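Text of my_file34.csv, listed as CSV, C-alpha atoms:
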chain,number,residue,atom,x,y,z
A,25,MET,CA,-32.7,74.9,-25.5
A,26,GLN,CA,-31.5,78.1,-27.0
A,27,ALA,CA,-32.4,79.9,-30.2
A,28,ILE,CA,-31.2,83.0,-32.1
A,29,ILE,CA,-33.7,85.0,-34.1
A,30,VAL,CA,-32.2,87.1,-36.9
A,31,ASP,CA,-34.6,89.6,-38.5
A,32,ASP,CA,-34.5,93.3,-39.2
A,33,SER,CA,-38.1,93.6,-38.3
A,34,LYS,CA,-38.6,94.3,-34.6
A,35,ALA,CA,-42.2,93.2,-34.8
A,36,MET,CA,-41.3,89.8,-36.4
A,37,ARG,CA,-38.7,89.2,-33.8
A,38,ALA,CA,-41.2,89.9,-31.1
A,39,ILE,CA,-43.7,87.4,-32.7
A,40,LEU,CA,-41.1,84.7,-33.1
A,41,ARG,CA,-39.7,85.3,-29.6
A,42,ASN,CA,-43.2,84.8,-28.1
A,43,MET,CA,-43.7,81.6,-30.0
A,44,MET,CA,-40.2,80.2,-29.3
A,45,GLU,CA,-40.4,81.1,-25.5
A,46,ASP,CA,-43.8,79.3,-25.4
A,47,LEU,CA,-42.0,76.2,-26.8
A,48,GLY,CA,-39.4,76.4,-24.0
A,49,PHE,CA,-36.6,78.1,-25.8
A,50,ALA,CA,-34.3,80.8,-24.4
A,51,VAL,CA,-34.1,83.4,-27.1
A,52,TRP,CA,-31.4,85.8,-28.4
A,53,GLU,CA,-32.2,88.5,-30.9
A,54,ALA,CA,-30.2,90.1,-33.6
A,55,GLY,CA,-31.4,92.8,-36.0
A,56,GLY,CA,-29.0,91.8,-38.8
A,57,GLY,CA,-26.3,89.5,-40.0
A,58,ALA,CA,-23.3,91.3,-38.5
A,59,GLU,CA,-25.0,91.6,-35.1
A,60,ALA,CA,-25.9,87.9,-35.2
A,61,LEU,CA,-22.3,86.9,-35.9
A,62,ASP,CA,-21.0,89.1,-33.1
A,63,LEU,CA,-23.6,87.7,-30.7
A,64,LEU,CA,-22.7,84.1,-31.7
A,65,ARG,CA,-19.0,84.8,-31.1
A,66,HIS,CA,-19.7,85.9,-27.6
A,67,GLN,CA,-22.5,83.5,-26.6
A,68,GLY,CA,-21.5,80.3,-28.4
A,69,ARG,CA,-23.7,78.0,-30.4
A,70,PRO,CA,-27.4,77.9,-29.8
A,71,ASP,CA,-29.6,74.9,-30.8
A,72,VAL,CA,-31.3,76.6,-33.7
A,73,ALA,CA,-31.1,79.8,-35.7
A,74,LEU,CA,-34.2,81.4,-37.3
A,75,VAL,CA,-32.9,83.6,-40.1
A,76,ASP,CA,-34.9,86.0,-42.2
A,77,TRP,CA,-34.2,86.0,-45.9
A,78,ASN,CA,-34.5,89.7,-46.7
A,79,MET,CA,-32.4,91.9,-44.5
A,80,PRO,CA,-30.5,95.1,-45.4
A,81,GLY,CA,-26.7,94.7,-45.5
A,82,MET,CA,-25.9,91.0,-45.2
A,83,SER,CA,-28.8,88.9,-46.6
A,84,GLY,CA,-30.0,85.8,-44.7
A,85,VAL,CA,-28.4,83.5,-47.3
A,86,ASP,CA,-25.0,85.2,-46.9
A,87,LEU,CA,-25.4,85.0,-43.1
A,88,ILE,CA,-26.1,81.3,-43.3
A,89,ARG,CA,-23.1,80.7,-45.6
A,90,GLN,CA,-20.9,82.5,-43.0
A,91,MET,CA,-22.4,80.5,-40.1
A,92,ARG,CA,-21.8,77.2,-42.0
A,93,ALA,CA,-18.2,78.2,-42.6
A,94,ASP,CA,-17.6,78.6,-38.8
A,95,PRO,CA,-16.4,75.4,-37.2
A,96,LEU,CA,-17.5,76.6,-33.8
A,97,LEU,CA,-21.1,76.6,-35.1
A,98,GLU,CA,-21.0,73.0,-36.3
A,99,GLY,CA,-24.3,71.2,-35.5
A,100,LEU,CA,-26.3,74.4,-35.5
A,101,ARG,CA,-29.8,73.8,-37.0
A,102,ILE,CA,-30.9,76.6,-39.3
A,103,LEU,CA,-34.4,77.5,-40.3
A,104,MET,CA,-34.8,80.0,-43.1
A,105,VAL,CA,-37.9,82.3,-42.6
A,106,THR,CA,-39.1,83.6,-45.9
A,107,THR,CA,-41.9,85.2,-47.8
A,108,GLU,CA,-40.4,83.8,-51.0
A,109,VAL,CA,-42.5,81.0,-52.5
A,110,GLU,CA,-40.3,80.1,-55.5
A,111,ALA,CA,-38.9,76.6,-55.4
A,112,ALA,CA,-35.6,78.0,-56.8
A,113,ARG,CA,-35.1,80.3,-53.8
A,114,VAL,CA,-35.9,77.4,-51.3
A,115,ALA,CA,-33.2,75.5,-53.2
A,116,VAL,CA,-30.7,78.4,-52.7
A,117,ALA,CA,-31.5,78.5,-49.0
A,118,LEU,CA,-30.9,74.8,-48.6
A,119,GLN,CA,-27.7,74.9,-50.7
A,120,ALA,CA,-26.4,77.7,-48.5
A,121,GLY,CA,-26.9,75.5,-45.5
A,122,ALA,CA,-30.4,76.0,-44.2
A,123,GLN,CA,-32.1,72.7,-43.3
A,124,GLU,CA,-35.7,73.9,-43.4
A,125,TYR,CA,-37.7,76.8,-44.5
A,126,LEU,CA,-40.7,78.5,-42.9
A,127,MET,CA,-42.9,80.5,-45.3
A,128,LYS,CA,-44.8,83.5,-44.0
A,129,PRO,CA,-47.5,83.7,-42.8
A,130,PHE,CA,-47.2,80.9,-40.3
A,131,THR,CA,-48.7,79.9,-37.0
A,132,ALA,CA,-47.1,78.7,-33.8
A,133,GLU,CA,-48.2,75.2,-34.7
A,134,THR,CA,-46.4,75.4,-38.1
A,135,LEU,CA,-43.2,76.7,-36.4
A,136,GLN,CA,-43.4,73.8,-34.0
A,137,GLU,CA,-43.8,71.3,-36.8
A,138,LYS,CA,-40.7,72.8,-38.6
A,139,LEU,CA,-38.7,72.5,-35.3
A,140,SER,CA,-39.8,68.9,-35.0
A,141,LEU,CA,-38.4,68.2,-38.5
A,142,LEU,CA,-35.1,69.6,-37.2
A,143,GLY,CA,-35.3,67.1,-34.3
A,144,LEU,CA,-36.2,69.8,-31.8
A,145,ARG,CA,-39.2,69.1,-29.6
A,146,LYS,CA,-41.0,71.1,-27.0
A,147,GLY,CA,-39.3,70.6,-23.6
B,12,MET,CA,-80.3,76.6,-35.7
B,13,LYS,CA,-83.2,75.5,-33.5
B,14,LYS,CA,-82.3,73.5,-30.4
B,15,GLU,CA,-84.5,70.6,-31.4
B,16,ASP,CA,-82.6,70.3,-34.7
B,17,PHE,CA,-79.3,69.2,-33.0
B,18,PRO,CA,-80.5,65.6,-32.1
B,19,PHE,CA,-81.6,65.2,-35.7
B,20,LEU,CA,-78.2,66.3,-37.0
B,21,ARG,CA,-76.4,64.1,-34.5
B,22,GLN,CA,-78.3,61.1,-35.6
B,23,LEU,CA,-77.8,61.9,-39.3
B,24,ALA,CA,-74.0,62.3,-38.8
B,25,ARG,CA,-73.7,59.1,-36.8
B,26,GLU,CA,-75.5,57.1,-39.5
B,27,MET,CA,-73.8,58.6,-42.5
B,28,SER,CA,-70.3,59.3,-41.4
B,29,GLY,CA,-70.0,57.9,-37.9
B,30,ILE,CA,-69.0,61.3,-36.5
B,31,SER,CA,-70.1,61.8,-33.0
B,32,LEU,CA,-71.5,65.3,-32.5
B,33,THR,CA,-71.7,66.4,-28.9
B,34,GLU,CA,-73.7,69.3,-27.5
B,35,ASP,CA,-70.5,71.4,-27.0
B,36,LYS,CA,-70.0,71.3,-30.8
B,37,ALA,CA,-73.3,73.0,-31.6
B,38,PHE,CA,-71.7,76.3,-32.4
B,39,LEU,CA,-69.1,74.7,-34.7
B,40,VAL,CA,-71.8,72.6,-36.4
B,41,GLU,CA,-73.9,75.7,-37.1
B,42,SER,CA,-71.0,77.7,-38.4
B,43,ARG,CA,-69.9,74.9,-40.8
B,44,LEU,CA,-73.5,74.4,-42.0
B,45,GLU,CA,-73.9,78.1,-42.5
B,46,ALA,CA,-70.9,78.1,-44.9
B,47,PHE,CA,-72.2,74.9,-46.5
B,48,ALA,CA,-75.8,76.4,-47.0
B,49,SER,CA,-74.2,79.5,-48.6
B,50,ARG,CA,-72.2,77.3,-51.0
B,51,GLU,CA,-75.3,75.3,-51.9
B,52,GLY,CA,-77.4,78.4,-52.5
B,53,VAL,CA,-79.7,77.6,-49.6
B,54,ALA,CA,-81.0,80.7,-47.8
B,55,SER,CA,-80.3,79.7,-44.2
B,56,VAL,CA,-79.3,76.8,-41.9
B,57,ASP,CA,-83.0,76.4,-40.9
B,58,ASP,CA,-84.0,76.0,-44.5
B,59,LEU,CA,-81.1,73.5,-45.0
B,60,ILE,CA,-82.2,71.4,-42.0
B,61,ARG,CA,-85.8,71.5,-43.2
B,62,ARG,CA,-84.7,70.0,-46.6
B,63,LEU,CA,-82.5,67.4,-44.8
B,64,ARG,CA,-85.5,66.4,-42.7
B,65,GLN,CA,-88.0,66.3,-45.6
B,66,GLU,CA,-86.1,64.9,-48.5
B,67,PRO,CA,-85.2,61.2,-48.8
B,68,LEU,CA,-81.4,60.6,-48.3
B,69,ASN,CA,-79.6,62.1,-51.3
B,70,GLY,CA,-76.5,63.9,-52.3
B,71,LEU,CA,-77.4,66.9,-50.2
B,72,HIS,CA,-77.2,64.8,-47.0
B,73,GLN,CA,-73.9,63.4,-48.0
B,74,ARG,CA,-72.4,66.8,-48.8
B,75,ALA,CA,-73.8,68.3,-45.6
B,76,MET,CA,-72.2,65.6,-43.5
B,77,GLU,CA,-68.9,66.0,-45.4
B,78,ALA,CA,-69.0,69.7,-44.6
B,79,LEU,CA,-69.1,68.8,-40.9
B,80,ALA,CA,-66.0,66.6,-41.1
B,81,ASN,CA,-62.7,67.9,-39.9
B,82,HIS,CA,-60.0,67.7,-42.6
B,83,GLU,CA,-57.2,68.9,-40.4
B,84,THR,CA,-54.0,67.1,-41.5
B,85,LEU,CA,-50.5,67.7,-42.6
B,86,PHE,CA,-47.6,65.9,-44.3
B,87,PHE,CA,-45.6,63.4,-42.1
B,88,ARG,CA,-48.0,64.1,-39.2
B,89,ASP,CA,-46.4,63.1,-35.9
B,90,ILE,CA,-43.3,61.9,-37.8
B,91,ALA,CA,-42.8,58.8,-35.6
B,92,PRO,CA,-45.1,56.4,-37.6
B,93,PHE,CA,-43.2,57.3,-40.8
B,94,GLU,CA,-39.8,56.7,-39.1
B,95,ILE,CA,-41.1,53.3,-37.8
B,96,LEU,CA,-42.3,52.4,-41.3
B,97,ARG,CA,-38.9,53.3,-42.7
B,98,ARG,CA,-36.7,51.7,-40.0
B,99,TRP,CA,-38.6,48.6,-39.0
B,100,ILE,CA,-41.8,47.7,-40.7
B,101,VAL,CA,-41.1,47.9,-44.4
B,102,PRO,CA,-37.8,46.2,-44.1
B,103,GLU,CA,-39.4,43.4,-42.0
B,104,ILE,CA,-42.2,42.9,-44.6
B,105,LEU,CA,-39.7,42.8,-47.5
B,106,SER,CA,-37.5,40.3,-45.6
B,107,ARG,CA,-40.4,37.8,-45.3
B,108,GLY,CA,-40.2,35.2,-48.1
B,109,SER,CA,-44.0,35.2,-48.1
B,110,SER,CA,-44.2,38.9,-49.1
B,111,GLY,CA,-42.6,38.2,-52.5
B,112,GLY,CA,-41.1,41.7,-52.2
B,113,ARG,CA,-44.5,43.3,-52.2
B,114,VAL,CA,-46.1,45.7,-49.7
B,115,SER,CA,-49.7,46.8,-49.4
B,116,VAL,CA,-50.8,49.9,-47.5
B,117,TRP,CA,-54.2,51.4,-46.8
B,118,SER,CA,-54.5,55.0,-45.6
B,119,ALA,CA,-58.0,55.0,-44.2
B,120,ALA,CA,-59.7,58.4,-43.7
B,121,CYS,CA,-57.0,60.0,-45.8
B,122,SER,CA,-58.6,63.5,-45.9
B,123,PHE,CA,-56.8,65.7,-48.5
B,124,GLY,CA,-54.1,63.1,-49.2
B,125,GLN,CA,-51.2,64.3,-47.2
B,126,GLU,CA,-50.8,61.0,-45.3
B,127,PRO,CA,-50.7,58.6,-48.3
B,128,TYR,CA,-48.5,60.9,-50.3
B,129,SER,CA,-46.1,61.1,-47.3
B,130,VAL,CA,-46.0,57.3,-47.4
B,131,ALA,CA,-45.4,57.4,-51.2
B,132,MET,CA,-42.6,59.9,-50.9
B,133,LEU,CA,-41.0,58.0,-48.1
B,134,LEU,CA,-41.1,54.7,-50.1
B,135,ARG,CA,-39.8,56.4,-53.2
B,136,GLU,CA,-37.0,57.9,-51.2
B,137,HIS,CA,-35.9,54.8,-49.2
B,138,PHE,CA,-37.3,51.8,-51.1
B,139,PRO,CA,-37.1,52.8,-54.7
B,140,ALA,CA,-37.8,49.3,-55.9
B,141,LEU,CA,-41.3,49.5,-54.4
B,142,HIS,CA,-43.5,50.7,-57.3
B,143,ASP,CA,-45.9,49.3,-59.9
B,144,SER,CA,-46.8,45.7,-59.0
B,145,ALA,CA,-44.6,45.6,-55.9
B,146,LEU,CA,-46.7,48.3,-54.1
B,147,ARG,CA,-50.4,48.6,-53.5
B,148,LEU,CA,-51.0,51.9,-51.8
B,149,VAL,CA,-54.8,52.6,-51.3
B,150,ALA,CA,-56.2,55.8,-49.8
B,151,SER,CA,-59.8,56.3,-48.9
B,152,ASP,CA,-62.1,58.9,-47.3
B,153,PHE,CA,-65.9,59.1,-46.9
B,154,SER,CA,-65.9,62.6,-48.4
B,155,THR,CA,-66.1,62.8,-52.2
B,156,VAL,CA,-64.7,66.4,-52.0
B,157,ALA,CA,-61.7,65.2,-50.0
B,158,VAL,CA,-60.9,62.3,-52.3
B,159,GLU,CA,-61.2,64.5,-55.4
B,160,ARG,CA,-58.8,67.1,-53.9
B,161,ALA,CA,-56.5,64.4,-52.7
B,162,ALA,CA,-56.3,62.8,-56.1
B,163,SER,CA,-55.4,66.2,-57.7
B,164,GLY,CA,-52.2,66.3,-55.6
B,165,ARG,CA,-52.4,70.1,-55.5
B,166,TYR,CA,-51.7,72.0,-52.3
B,167,SER,CA,-51.6,75.6,-51.2
B,168,GLN,CA,-48.6,77.3,-49.7
B,169,LEU,CA,-50.1,77.0,-46.2
B,170,GLU,CA,-50.5,73.2,-46.7
B,171,ILE,CA,-47.0,72.9,-48.1
B,172,ASN,CA,-45.7,74.7,-45.0
B,173,ARG,CA,-47.0,72.0,-42.7
B,174,GLY,CA,-44.8,69.0,-42.1
B,175,LEU,CA,-43.2,68.7,-45.5
B,176,PRO,CA,-39.4,68.4,-45.3
B,177,ALA,CA,-37.8,71.1,-47.6
B,178,PRO,CA,-35.8,68.6,-49.7
B,179,TYR,CA,-39.0,66.7,-50.5
B,180,LEU,CA,-40.7,69.9,-51.6
B,181,LEU,CA,-37.9,70.5,-54.1
B,182,LYS,CA,-37.7,66.9,-55.3
B,183,TYR,CA,-41.4,65.8,-55.5
B,184,PHE,CA,-43.4,69.0,-56.2
B,185,GLU,CA,-43.9,71.3,-59.1
B,186,GLN,CA,-44.9,74.9,-58.6
B,187,HIS,CA,-48.0,76.3,-60.3
B,188,GLY,CA,-48.3,80.0,-59.3
B,189,LEU,CA,-49.2,79.9,-55.6
B,190,GLU,CA,-49.9,76.2,-55.6
B,191,TRP,CA,-47.7,73.2,-55.6
B,192,GLN,CA,-48.5,69.9,-57.3
B,193,LEU,CA,-47.0,66.5,-56.6
B,194,ARG,CA,-45.1,65.1,-59.5
B,195,PRO,CA,-46.9,62.4,-61.5
B,196,GLU,CA,-44.5,59.6,-60.4
B,197,ILE,CA,-45.7,60.1,-56.8
B,198,ARG,CA,-49.4,60.7,-57.6
B,199,ARG,CA,-49.4,57.4,-59.7
B,200,MET,CA,-48.3,55.5,-56.6
B,201,VAL,CA,-51.6,56.1,-54.7
B,202,GLU,CA,-55.1,54.7,-55.6
B,203,PHE,CA,-57.8,56.9,-54.2
B,204,GLU,CA,-61.3,55.7,-53.6
B,205,ARG,CA,-64.4,57.2,-51.9
B,206,LEU,CA,-65.3,54.7,-49.2
B,207,ASN,CA,-67.2,54.8,-45.9
B,208,LEU,CA,-65.3,52.4,-43.7
B,209,LEU,CA,-68.4,52.1,-41.4
B,210,ASN,CA,-69.8,49.6,-43.9
B,211,THR,CA,-67.2,48.9,-46.6
B,212,LEU,CA,-63.6,47.8,-47.0
B,213,PRO,CA,-61.4,48.3,-50.0
B,214,ALA,CA,-61.4,45.6,-52.5
B,215,ALA,CA,-57.6,45.3,-52.2
B,216,ALA,CA,-57.9,44.1,-48.5
B,217,PRO,CA,-56.2,42.5,-46.6
B,218,PHE,CA,-53.2,44.9,-46.2
B,219,ASP,CA,-49.8,44.6,-44.6
B,220,ILE,CA,-50.1,48.1,-43.2
B,221,ILE,CA,-53.2,50.2,-42.2
B,222,LEU,CA,-53.0,53.8,-41.2
B,223,LEU,CA,-56.2,54.7,-39.3
B,224,ARG,CA,-55.1,57.9,-37.6
B,225,ASN,CA,-57.2,60.5,-35.9
B,226,MET,CA,-60.5,59.1,-37.1
B,227,LEU,CA,-61.6,57.0,-34.0
B,228,ILE,CA,-61.6,60.2,-31.9
B,229,TYR,CA,-64.6,61.4,-33.8
B,230,LEU,CA,-66.6,58.2,-33.1
B,231,ASP,CA,-68.5,57.0,-30.1
B,232,LEU,CA,-67.5,53.9,-28.3
B,233,ASP,CA,-69.8,51.5,-30.2
B,234,LEU,CA,-68.6,52.8,-33.6
B,235,ARG,CA,-65.0,52.6,-32.5
B,236,ARG,CA,-65.5,49.0,-31.6
B,237,SER,CA,-67.3,48.3,-34.9
B,238,VAL,CA,-64.6,50.0,-37.0
B,239,LEU,CA,-61.7,48.2,-35.1
B,240,GLY,CA,-63.5,44.9,-35.7
B,241,ARG,CA,-63.8,45.7,-39.4
B,242,ILE,CA,-60.2,46.8,-39.6
B,243,ARG,CA,-59.2,43.4,-38.1
B,244,ARG,CA,-60.6,41.8,-41.2
B,245,ALA,CA,-58.8,44.2,-43.5
B,246,LEU,CA,-55.4,43.5,-41.9
B,247,LYS,CA,-53.2,40.5,-42.7
B,248,PRO,CA,-52.6,38.3,-39.7
B,249,ASP,CA,-49.0,39.5,-39.5
B,250,GLY,CA,-49.9,43.1,-40.5
B,251,PHE,CA,-49.4,46.4,-38.7
B,252,LEU,CA,-52.0,49.0,-37.6
B,253,PHE,CA,-51.2,52.7,-36.8
B,254,LEU,CA,-53.7,54.8,-34.8
B,255,GLY,CA,-53.4,58.5,-33.9
B,256,ILE,CA,-51.3,59.6,-31.0
B,257,SER,CA,-54.4,60.1,-28.7
B,258,GLU,CA,-56.1,56.9,-29.9
B,259,SER,CA,-55.9,53.3,-28.6
B,260,THR,CA,-57.6,49.9,-28.9
B,261,PHE,CA,-57.4,49.6,-25.1
B,262,GLY,CA,-60.7,48.9,-23.5
B,263,ILE,CA,-62.4,48.7,-27.0
B,264,ASP,CA,-61.1,45.6,-28.8
B,265,ASP,CA,-58.6,43.1,-27.3
B,266,GLY,CA,-57.9,41.6,-30.7
B,267,TYR,CA,-54.9,44.0,-30.9
B,268,SER,CA,-51.7,44.2,-29.0
B,269,PRO,CA,-49.7,47.5,-28.9
B,270,VAL,CA,-46.0,47.5,-29.7
B,271,ALA,CA,-44.0,50.5,-28.5
B,272,VAL,CA,-41.0,51.3,-30.6
B,273,ASP,CA,-38.8,54.4,-30.9
B,274,ASN,CA,-41.1,57.4,-30.1
B,275,GLY,CA,-44.3,55.7,-31.4
B,276,CYS,CA,-46.5,52.8,-31.2
B,277,TYR,CA,-48.3,50.3,-33.6
B,278,TYR,CA,-50.7,47.5,-33.2
B,279,ARG,CA,-50.6,43.9,-34.2
B,280,LEU,CA,-53.3,41.3,-34.3
B,281,ARG,CA,-53.4,38.8,-31.4
B,282,PRO,CA,-53.6,35.2,-32.7
B,283,THR,CA,-57.1,34.8,-31.4
B,284,GLY,CA,-58.5,38.3,-31.1
B,285,GLY,CA,-62.0,39.2,-30.1
B,286,LEU,CA,-64.3,41.8,-28.7
B,287,LEU,CA,-64.0,42.8,-25.1

Can you dump the structure from the file as structure tokens?
Amino acid sequence: MQAIIVDDSKAMRAILRNMMEDLGFAVWEAGGGAEALDLLRHQGRPDVALVDWNMPGMSGVDLIRQMRADPLLEGLRILMVTTEVEAARVAVALQAGAQEYLMKPFTAETLQEKLSLLGLRKG
Amino acid sequence: MKKEDFPFLRQLAREMSGISLTEDKAFLVESRLEAFASREGVASVDDLIRRLRQEPLNGLHQRAMEALANHETLFFRDIAPFEILRRWIVPEILSRGSSGGRVSVWSAACSFGQEPYSVAMLLREHFPALHDSALRLVASDFSTVAVERAASGRYSQLEINRGLPAPYLLKYFEQHGLEWQLRPEIRRMVEFERLNLLNTLPAAAPFDIILLRNMLIYLDLDLRRSVLGRIRRALKPDGFLFLGISESTFGIDDGYSPVAVDNGCYYRLRPTGGLL
């Protein structure tokens, strides 16, 4: 299984990469929305995208809207990673096309539980 | 903690909560009792154990044993049992003429309530007619603290992060600062009671469905047998029992037969069950 991690924080990308690789995923990284879209155009659709909410330039929500508008990415599962705790912002993420949210701070176990909700199991 | 105190605590835990304390848990036991002693205003674990030894059984013993319990849980834990309930079991019960369109569920050892509330949300979502007199959803735990917390329906952000599908968060919870509270229509679906299933069954027994998940693992073999025997009496003859992923009736009680379905498993009563 393949995953793309989109986060402007190198440290957060490294944390998520470790967790995802432990769960058996091959991981691609992008430091922002434009880089992510470029990577997806060349690499094709992964199984899941982990998208940070707060990024300079294109926000995570805008990136998700663009990914959902791309027919080549149909079926992509999207997990929004966020420090936001307001229900209204979770709602915005879901309306944009995310299927689940992951609130920071989180553990590898919590991440795995969220992936299970998306139908992705360790393998 | 003195070495000679551990057998005393082990015996106390077994009698009061059924929890089987093994020697390799000594460090964990001591650290949990340290935190408990501090909360109770007792100077040290040694002083606490001295009081537990000297005083007749009272609230302190109950609270100390509750402090040793593991309340680890999450919403929709393991997912498969909830999918099986939705796809197969609840429709089957409702299709029986004898059910009268009613379903009864017991979430035994419910900890902080994530399991019974997961059932409640699932039923509200997929079987909206199941409420009021059509549903009896009982949840119990031996810990007073756990039952009180569960009944409040309030959860931290960390707890909300675990297992709860995002659409359910938006639909069934209200935010209060950094905490989230289940809406009254879901809380009202669950009846909580403090109950030690080593010696008591809910007054509402027998049930169509019993969830007894991740509780047997803390008991020794004799108590597992005793609890499974008691559960047989709390389950309707055509009822359904769910255990935790790593638990089984195999080799303990042949009154049950396992049924594997989808990615999970449940147990049904054999017509003439009995102890091995």

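Between atom CA of A:Leu126 and atom CA of B:Phe253 the separation is 28.5 Å.
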
Quick check: residues of chain A within 6 Å of chain B, all atoms listed in the file, returned as a PDB file with C-alpha atoms, in the coordinates of the input.
ATOM      1  CA  GLU A 124     -35.700  73.900 -43.400  1.00  0.00           C
ATOM      2  CA  THR A 134     -46.400  75.400 -38.100  1.00  0.00           C
ATOM      3  CA  GLU A 137     -43.800  71.300 -36.800  1.00  0.00           C
TER       4      GLU A 137
END

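Picture a line from atom CA of A:Val105 to atom CA of B:Leu193; it runs 23.0 Å.
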
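With only the atoms specified (all atoms listed in the file) counting, those residues at most 12 Å away from (-84.3, 70.4, -33.3) are Met12, Lys13, Lys14, Glu15, Asp16, Phe17, Pro18, Phe19, Leu20, Arg21, Gln22, Ala37, Val56, Asp57, Ile60, Arg61 and Arg64 of chain B.
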
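Interatomic distance, atom CA of B:Glu103 against atom CA of B:Ser257: 26.1 Å.
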
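Ranking B:Gly240, B:Pro248, B:Pro102, B:Pro195 by their shortest atom-to-atom distance to B:Phe218, with only C-alpha atoms included, puts B:Pro248 first.
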
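Comparing the minimum interatomic distances between A:Ala73 and each of A:Ala132, A:Ala35, A:Ile28, A:Leu40, counting only C-alpha atoms, we find that A:Ile28 sits nearest.
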
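Counting all atoms listed in the file and comparing A:Met104, A:Leu135, A:Leu144, A:Leu61, the residue that lies closest to A:Asn42 is A:Leu135.
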
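Environment of (-77.4, 59.6, -48.9): residues at most 12 Å away, judged by only C-alpha atoms, are Leu23, Ala24, Glu26, Met27, Ser28, Leu63, Glu66, Pro67, Leu68, Asn69, Gly70, Leu71, His72, Gln73, Arg74, Ala75, Met76, Glu77, Phe153, Ser154 and Asn207 of chain B.
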
Find the residues near A:Asp94: any atom within 12 Å, counting all atoms listed in the file, skip ones fewer than 2 places away on the same chain, and give them as a PDB file with C-alpha atoms, keeping the file's coordinate frame.
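Output (around-v7.pdb):
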ATOM      1  CA  LEU A  61     -22.300  86.900 -35.900  1.00  0.00           C
ATOM      2  CA  LEU A  64     -22.700  84.100 -31.700  1.00  0.00           C
ATOM      3  CA  ARG A  65     -19.000  84.800 -31.100  1.00  0.00           C
ATOM      4  CA  GLY A  68     -21.500  80.300 -28.400  1.00  0.00           C
ATOM      5  CA  ARG A  69     -23.700  78.000 -30.400  1.00  0.00           C
ATOM      6  CA  LEU A  87     -25.400  85.000 -43.100  1.00  0.00           C
ATOM      7  CA  ILE A  88     -26.100  81.300 -43.300  1.00  0.00           C
ATOM      8  CA  ARG A  89     -23.100  80.700 -45.600  1.00  0.00           C
ATOM      9  CA  GLN A  90     -20.900  82.500 -43.000  1.00  0.00           C
ATOM     10  CA  MET A  91     -22.400  80.500 -40.100  1.00  0.00           C
ATOM     11  CA  ARG A  92     -21.800  77.200 -42.000  1.00  0.00           C
ATOM     12  CA  LEU A  96     -17.500  76.600 -33.800  1.00  0.00           C
ATOM     13  CA  LEU A  97     -21.100  76.600 -35.100  1.00  0.00           C
ATOM     14  CA  GLU A  98     -21.000  73.000 -36.300  1.00  0.00           C
ATOM     15  CA  GLY A  99     -24.300  71.200 -35.500  1.00  0.00           C
ATOM     16  CA  LEU A 100     -26.300  74.400 -35.500  1.00  0.00           C
ATOM     17  CA  GLY A 121     -26.900  75.500 -45.500  1.00  0.00           C
TER      18      GLY A 121
END

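Residue nearest B:Leu96, chosen from B:Ala162, B:Val116, B:Ala150, B:Ala78 and counting all atoms listed in the file: B:Val116.
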
Set the distance at 12 Å and use only C-alpha atoms: which residues neighbour B:Asp264 once local chain neighbours fewer than 2 positions away are removed? I'd like the list as a PDB file with C-alpha atoms, in the coordinates of the input.
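Written file, selection_32.pdb:
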ATOM      1  CA  LEU B 232     -67.500  53.900 -28.300  1.00  0.00           C
ATOM      2  CA  ASP B 233     -69.800  51.500 -30.200  1.00  0.00           C
ATOM      3  CA  LEU B 234     -68.600  52.800 -33.600  1.00  0.00           C
ATOM      4  CA  ARG B 235     -65.000  52.600 -32.500  1.00  0.00           C
ATOM      5  CA  ARG B 236     -65.500  49.000 -31.600  1.00  0.00           C
ATOM      6  CA  SER B 237     -67.300  48.300 -34.900  1.00  0.00           C
ATOM      7  CA  VAL B 238     -64.600  50.000 -37.000  1.00  0.00           C
ATOM      8  CA  LEU B 239     -61.700  48.200 -35.100  1.00  0.00           C
ATOM      9  CA  GLY B 240     -63.500  44.900 -35.700  1.00  0.00           C
ATOM     10  CA  ARG B 241     -63.800  45.700 -39.400  1.00  0.00           C
ATOM     11  CA  ILE B 242     -60.200  46.800 -39.600  1.00  0.00           C
ATOM     12  CA  ARG B 243     -59.200  43.400 -38.100  1.00  0.00           C
ATOM     13  CA  SER B 259     -55.900  53.300 -28.600  1.00  0.00           C
ATOM     14  CA  THR B 260     -57.600  49.900 -28.900  1.00  0.00           C
ATOM     15  CA  PHE B 261     -57.400  49.600 -25.100  1.00  0.00           C
ATOM     16  CA  GLY B 262     -60.700  48.900 -23.500  1.00  0.00           C
ATOM     17  CA  GLY B 266     -57.900  41.600 -30.700  1.00  0.00           C
ATOM     18  CA  TYR B 267     -54.900  44.000 -30.900  1.00  0.00           C
ATOM     19  CA  SER B 268     -51.700  44.200 -29.000  1.00  0.00           C
ATOM     20  CA  PRO B 269     -49.700  47.500 -28.900  1.00  0.00           C
ATOM     21  CA  TYR B 278     -50.700  47.500 -33.200  1.00  0.00           C
ATOM     22  CA  ARG B 279     -50.600  43.900 -34.200  1.00  0.00           C
ATOM     23  CA  LEU B 280     -53.300  41.300 -34.300  1.00  0.00           C
ATOM     24  CA  ARG B 281     -53.400  38.800 -31.400  1.00  0.00           C
ATOM     25  CA  THR B 283     -57.100  34.800 -31.400  1.00  0.00           C
ATOM     26  CA  GLY B 284     -58.500  38.300 -31.100  1.00  0.00           C
ATOM     27  CA  GLY B 285     -62.000  39.200 -30.100  1.00  0.00           C
ATOM     28  CA  LEU B 286     -64.300  41.800 -28.700  1.00  0.00           C
ATOM     29  CA  LEU B 287     -64.000  42.800 -25.100  1.00  0.00           C
TER      30      LEU B 287
END

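You can rank A:Glu110, A:Glu133, A:Asp32, A:Glu45 by their closest distance to A:Pro80 using only C-alpha atoms, and at the top of that list sits A:Asp32.
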